[in-house]
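For reference, query-v5.txt is printed below; it contains compact mmCIF, C-alpha atoms.
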# COMPACT_ATOMS: atom_id res chain seq x y z
CA MET M 115 9.59 77.63 29.06
CA ILE M 116 12.63 79.75 28.07
CA ASN M 117 12.11 83.51 28.12
CA ALA M 118 13.12 85.63 25.09
CA SER M 119 16.19 87.28 26.67
CA ARG M 120 17.62 83.92 27.75
CA ALA M 121 16.98 82.47 24.28
CA ALA M 122 18.81 85.44 22.71
CA LEU M 123 21.75 84.80 25.04
CA TYR M 124 21.96 81.17 23.88
CA VAL M 125 22.14 82.36 20.26
CA VAL M 126 24.36 85.46 20.59
CA VAL M 127 27.05 84.23 23.00
CA PRO M 128 28.03 81.08 21.06
CA GLY M 129 27.98 83.08 17.82
CA PHE M 130 30.21 85.74 19.35
CA MET M 131 32.62 83.16 20.70
CA PHE M 132 32.83 81.39 17.34
CA GLY M 133 33.50 84.71 15.61
CA VAL M 134 36.33 85.57 18.01
CA ALA M 135 37.87 82.12 17.86
CA HIS M 136 37.91 82.14 14.07
CA ALA M 137 38.38 85.85 13.38
CA ASN M 138 41.11 85.21 10.79
CA PRO M 139 40.66 81.65 9.52
CA ASP M 140 42.88 82.39 6.49
CA GLY M 141 45.87 83.48 8.57
CA ALA M 142 47.18 86.59 10.22
CA PRO M 143 46.19 89.87 8.58
CA TRP M 144 49.04 91.15 6.42
CA GLY M 145 51.00 93.94 8.08
CA SER M 146 50.17 93.12 11.69
CA ALA M 147 53.72 92.18 12.81
CA ASP M 148 54.68 95.73 13.86
CA PRO M 149 54.24 95.90 17.65
CA ASN M 150 53.58 99.65 17.41
CA ALA M 151 50.74 99.29 14.92
CA ALA M 152 47.23 99.96 16.21
CA GLN M 153 46.12 96.54 14.91
CA ASN M 154 48.87 93.97 15.53
CA CYS M 155 49.03 90.25 16.31
CA ALA M 156 48.55 90.89 20.05
CA SER M 157 45.22 92.57 19.24
CA CYS M 158 43.74 89.16 18.44
CA HIS M 159 46.00 86.75 20.34
CA TYR M 160 45.94 87.57 23.99
CA ASP M 161 45.98 86.12 27.44
CA GLY M 162 49.63 86.68 28.19
CA GLU M 163 51.23 90.10 27.94
CA PRO M 164 52.99 90.47 24.54
CA VAL M 165 56.75 90.05 24.73
CA GLN M 166 58.52 93.04 23.15
CA ASP M 167 61.98 92.48 21.63
CA SER M 168 61.73 88.79 22.50
CA GLY M 169 64.99 86.94 23.00
CA SER M 170 63.16 83.77 21.94
CA VAL M 171 62.85 85.02 18.34
CA VAL M 172 66.03 84.72 16.26
CA PHE M 173 66.69 85.51 12.59
CA THR M 174 69.72 83.90 10.96
CA GLY M 175 71.11 84.37 7.48
CA LEU M 176 71.45 88.15 7.32
CA THR M 177 74.64 90.13 7.60
CA SER M 178 75.03 93.44 9.40
CA ARG M 179 74.93 95.26 6.04
CA ILE M 180 72.45 94.44 3.29
CA GLU M 181 73.80 94.05 -0.26
CA PRO M 182 71.48 95.44 -2.99
CA GLY M 183 69.74 92.72 -5.01
CA LYS M 184 71.20 89.83 -3.00
CA LEU M 185 69.05 86.78 -2.19
CA TYR M 186 69.32 85.83 1.50
CA ASN M 187 68.42 82.36 2.80
CA MET M 188 67.10 83.00 6.26
CA VAL M 189 65.87 80.88 9.14
CA LEU M 190 63.41 82.19 11.69
CA ILE M 191 63.72 80.31 14.99
CA PHE M 192 61.38 80.51 17.95
CA ALA M 193 63.23 78.99 20.90
CA LYS M 194 60.44 78.67 23.44
CA PRO M 195 57.22 77.48 21.83
CA LYS M 196 54.33 77.38 24.26
CA GLY M 197 51.85 74.68 23.45
CA ALA M 198 51.48 72.85 20.17
CA ALA M 199 50.60 75.72 17.83
CA THR M 200 53.14 78.29 16.74
CA GLY M 201 52.90 80.65 13.80
CA PHE M 202 54.63 83.77 12.57
CA LEU M 203 54.24 86.84 10.40
CA ALA M 204 57.22 88.87 9.17
CA VAL M 205 57.21 92.22 7.37
CA ALA M 206 60.20 93.99 5.81
CA THR M 207 60.23 97.70 5.01
CA GLN M 208 61.87 96.88 1.66
CA GLY M 209 62.64 93.84 -0.47
CA LYS M 210 60.62 90.74 -1.23
CA PHE M 211 60.08 87.45 0.62
CA SER M 212 59.61 84.08 -1.02
CA SER M 213 58.98 80.56 0.21
CA PRO M 214 60.39 78.14 -2.35
CA ASP M 215 59.43 74.51 -1.84
CA ASP M 216 57.48 75.15 1.36
CA PRO M 217 53.70 74.88 1.04
CA ASN M 218 53.38 75.91 4.71
CA LEU M 219 54.46 79.49 4.00
CA GLU M 220 52.65 82.28 2.16
CA ALA M 221 54.56 85.26 0.79
CA ASP M 222 53.09 88.55 -0.41
CA GLY M 223 55.87 90.91 -1.46
CA ALA M 224 57.58 92.29 1.63
CA GLN M 225 55.52 90.03 3.93
CA ILE M 226 55.53 86.32 4.74
CA ARG M 227 53.54 84.17 7.17
CA SER M 228 53.32 80.55 8.23
CA THR M 229 50.36 78.27 7.81
CA SER M 230 51.89 75.53 9.97
CA THR M 231 54.95 74.89 12.13
CA THR M 232 58.12 72.89 11.63
CA ARG M 233 59.51 71.72 14.96
CA ILE M 234 62.94 70.53 15.92
CA GLY M 235 62.91 69.56 19.57
CA ASP M 236 61.67 72.48 21.66
CA ARG M 237 62.09 75.00 18.82
CA ALA M 238 59.87 76.05 15.96
CA LEU M 239 61.60 77.09 12.77
CA TRP M 240 60.82 78.33 9.29
CA ARG M 241 63.14 78.69 6.27
CA VAL M 242 62.43 81.73 4.11
CA GLN M 243 64.14 83.69 1.38
CA TRP M 244 64.32 87.45 1.17
CA ARG M 245 65.67 89.43 -1.76
CA ALA M 246 67.08 92.85 -0.97
CA PRO M 247 65.88 95.62 -3.26
CA ILE M 248 68.23 96.46 -6.10
CA GLU M 249 68.54 100.05 -4.91
CA PRO M 250 67.74 100.30 -1.20
CA ILE M 251 66.78 103.83 -0.28
CA LYS M 252 67.40 103.44 3.44
CA ASP M 253 68.00 100.84 6.13
CA VAL M 254 65.82 97.73 6.13
CA THR M 255 63.70 96.93 9.18
CA PHE M 256 62.17 93.51 9.79
CA PHE M 257 59.12 93.25 12.04
CA VAL M 258 58.44 89.71 13.26
CA ALA M 259 55.57 88.45 15.38
CA VAL M 260 55.46 84.85 16.59
CA ASN M 261 52.31 83.53 18.23
CA ALA M 262 52.87 80.95 20.94
CA GLY M 263 49.41 79.41 20.96
CA ASN M 264 47.94 76.61 23.00
CA ASP M 265 46.31 74.90 19.97
CA ASP M 266 42.72 75.44 21.09
CA GLN M 267 41.86 77.40 17.90
CA SER M 268 41.00 80.52 19.91
CA PRO M 269 42.91 83.68 20.90
CA LEU M 270 42.72 82.66 24.56
CA GLY M 271 45.87 81.22 26.09
CA ASP M 272 48.12 82.71 23.37
CA GLN M 273 51.14 84.95 23.80
CA VAL M 274 52.74 86.98 21.02
CA HIS M 275 56.49 87.51 20.84
CA PHE M 276 57.67 90.53 18.82
CA LYS M 277 61.12 91.17 17.40
CA THR M 278 62.17 94.22 15.38
CA VAL M 279 65.60 94.24 13.71
CA THR M 280 67.12 96.95 11.49
CA PHE M 281 69.99 96.32 9.07
CA GLN M 282 72.02 98.92 7.23
CA ALA M 283 71.85 99.06 3.46
CA ASP M 284 75.07 99.37 1.44
Rewrite the structure from the file as structure tokens, please.
Amino acid sequence: MINASRAALYVVVPGFMFGVAHANPDGAPWGSADPNAAQNCASCHYDGEPVQDSGSVVFTGLTSRIEPGKLYNMVLIFAKPKGAATGFLAVATQGKFSSPDDPNLEADGAQIRSTSTTRIGDRALWRVQWRAPIEPIKDVTFFVAVNAGNDDQSPLGDQVHFKTVTFQAD
């Protein structure tokens, strides 16, 4: 016969593990790409130490100075994907992201995230568009977090790579 405390353990532990493994089934919480935020991507995806200012995360398509109102076609590249699952979340301090013709991206104003990965060889990449604000009030900072997951649908075995880049506004 199973005692009451052991029976509770059989119910609580699997429930807790399921809750952790599927804490955000609809994607990363908006705004969690800033590595200095109290609640960021590394808060949920852990096992490896988060990589700050990761050299594996590259943004292309922006110039050193941002032109007001200009639409930029950008590519986010993650050069060292670990495992089969890789996703990202990007947040800009100004402007607006969009994801034309890509059902695997979700944009919400100054934020964009992936819902699946496009791979080319040993790299993951995503094509996004970002429109600079018509009248930027200051420099534009992009916070990017890329999760290098091991495709086990849990936060265990994952490592988050952060990249923060600031561009000057004209």
Report, as AutoDock Vina command-line options, the centre and edge lengths in Å (one decimal) of the axis-aligned box enclosing every listed atom of stretch 209-223 of chain M, padded by 3 Å on each side.
--center_x 57.6 --center_y 84.2 --center_z 1.2 --size_x 16.0 --size_y 25.3 --size_z 13.1
With distances taken over only C-alpha atoms, which of M:Trp244, M:Phe211, M:Phe257, M:Phe173 is nearest to M:Ile226? M:Phe211
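Take the candidates M:Thr255, M:Thr174, M:Gln282, M:Thr207 and check each one against M:Trp240 using all atoms listed in the file; the shortest distance goes to M:Thr174.
For the pair atom CA of M:Gln208 and atom CA of M:Ala193, the interatomic distance is 26.3 Å.
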Set the distance at 10 Å and use all atoms listed in the file: which residues neighbour M:Gly175 once local chain neighbours fewer than 5 positions away are removed? I'd like the list as a list of chain:residue names. M:Tyr186, M:Asn187, M:Met188, M:Val189, M:Leu190, M:Arg241, M:Val242, M:Gln243, M:Trp244
What separation in Å, quoted to one decimal, exists between atom CA of M:Lys184 and atom CA of M:Pro214? 15.9 Å
Using only C-alpha atoms: which of M:Gly183, M:Pro217, M:Gly223, M:Gly271 has the shortest distance to M:Glu249: M:Gly183
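Nearest residue to M:Ala262, choosing from M:Ala206, M:Val279, M:Ile248, M:Ala238 and counting all atoms listed in the file: M:Ala238.
Counting only C-alpha atoms and comparing M:Lys210, M:Arg227, M:Asp216, M:Thr177, the residue that lies closest to M:Thr280 is M:Thr177.
Interatomic distance, atom CA of M:Gly209 to atom CA of M:Gln166: 24.0 Å.
Each of M:Ile191, M:Leu270, M:Ala221, M:Val165 was compared to M:Leu239 using all atoms listed in the file, and M:Ile191 turns out to be the nearest.
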If you count only C-alpha atoms, which residues fall within 8 Å of M:Ala283, apart from same-chain ones fewer than 5 positions away, as an MDAnalysis selection string? chainID M and resid 179:182 250:254
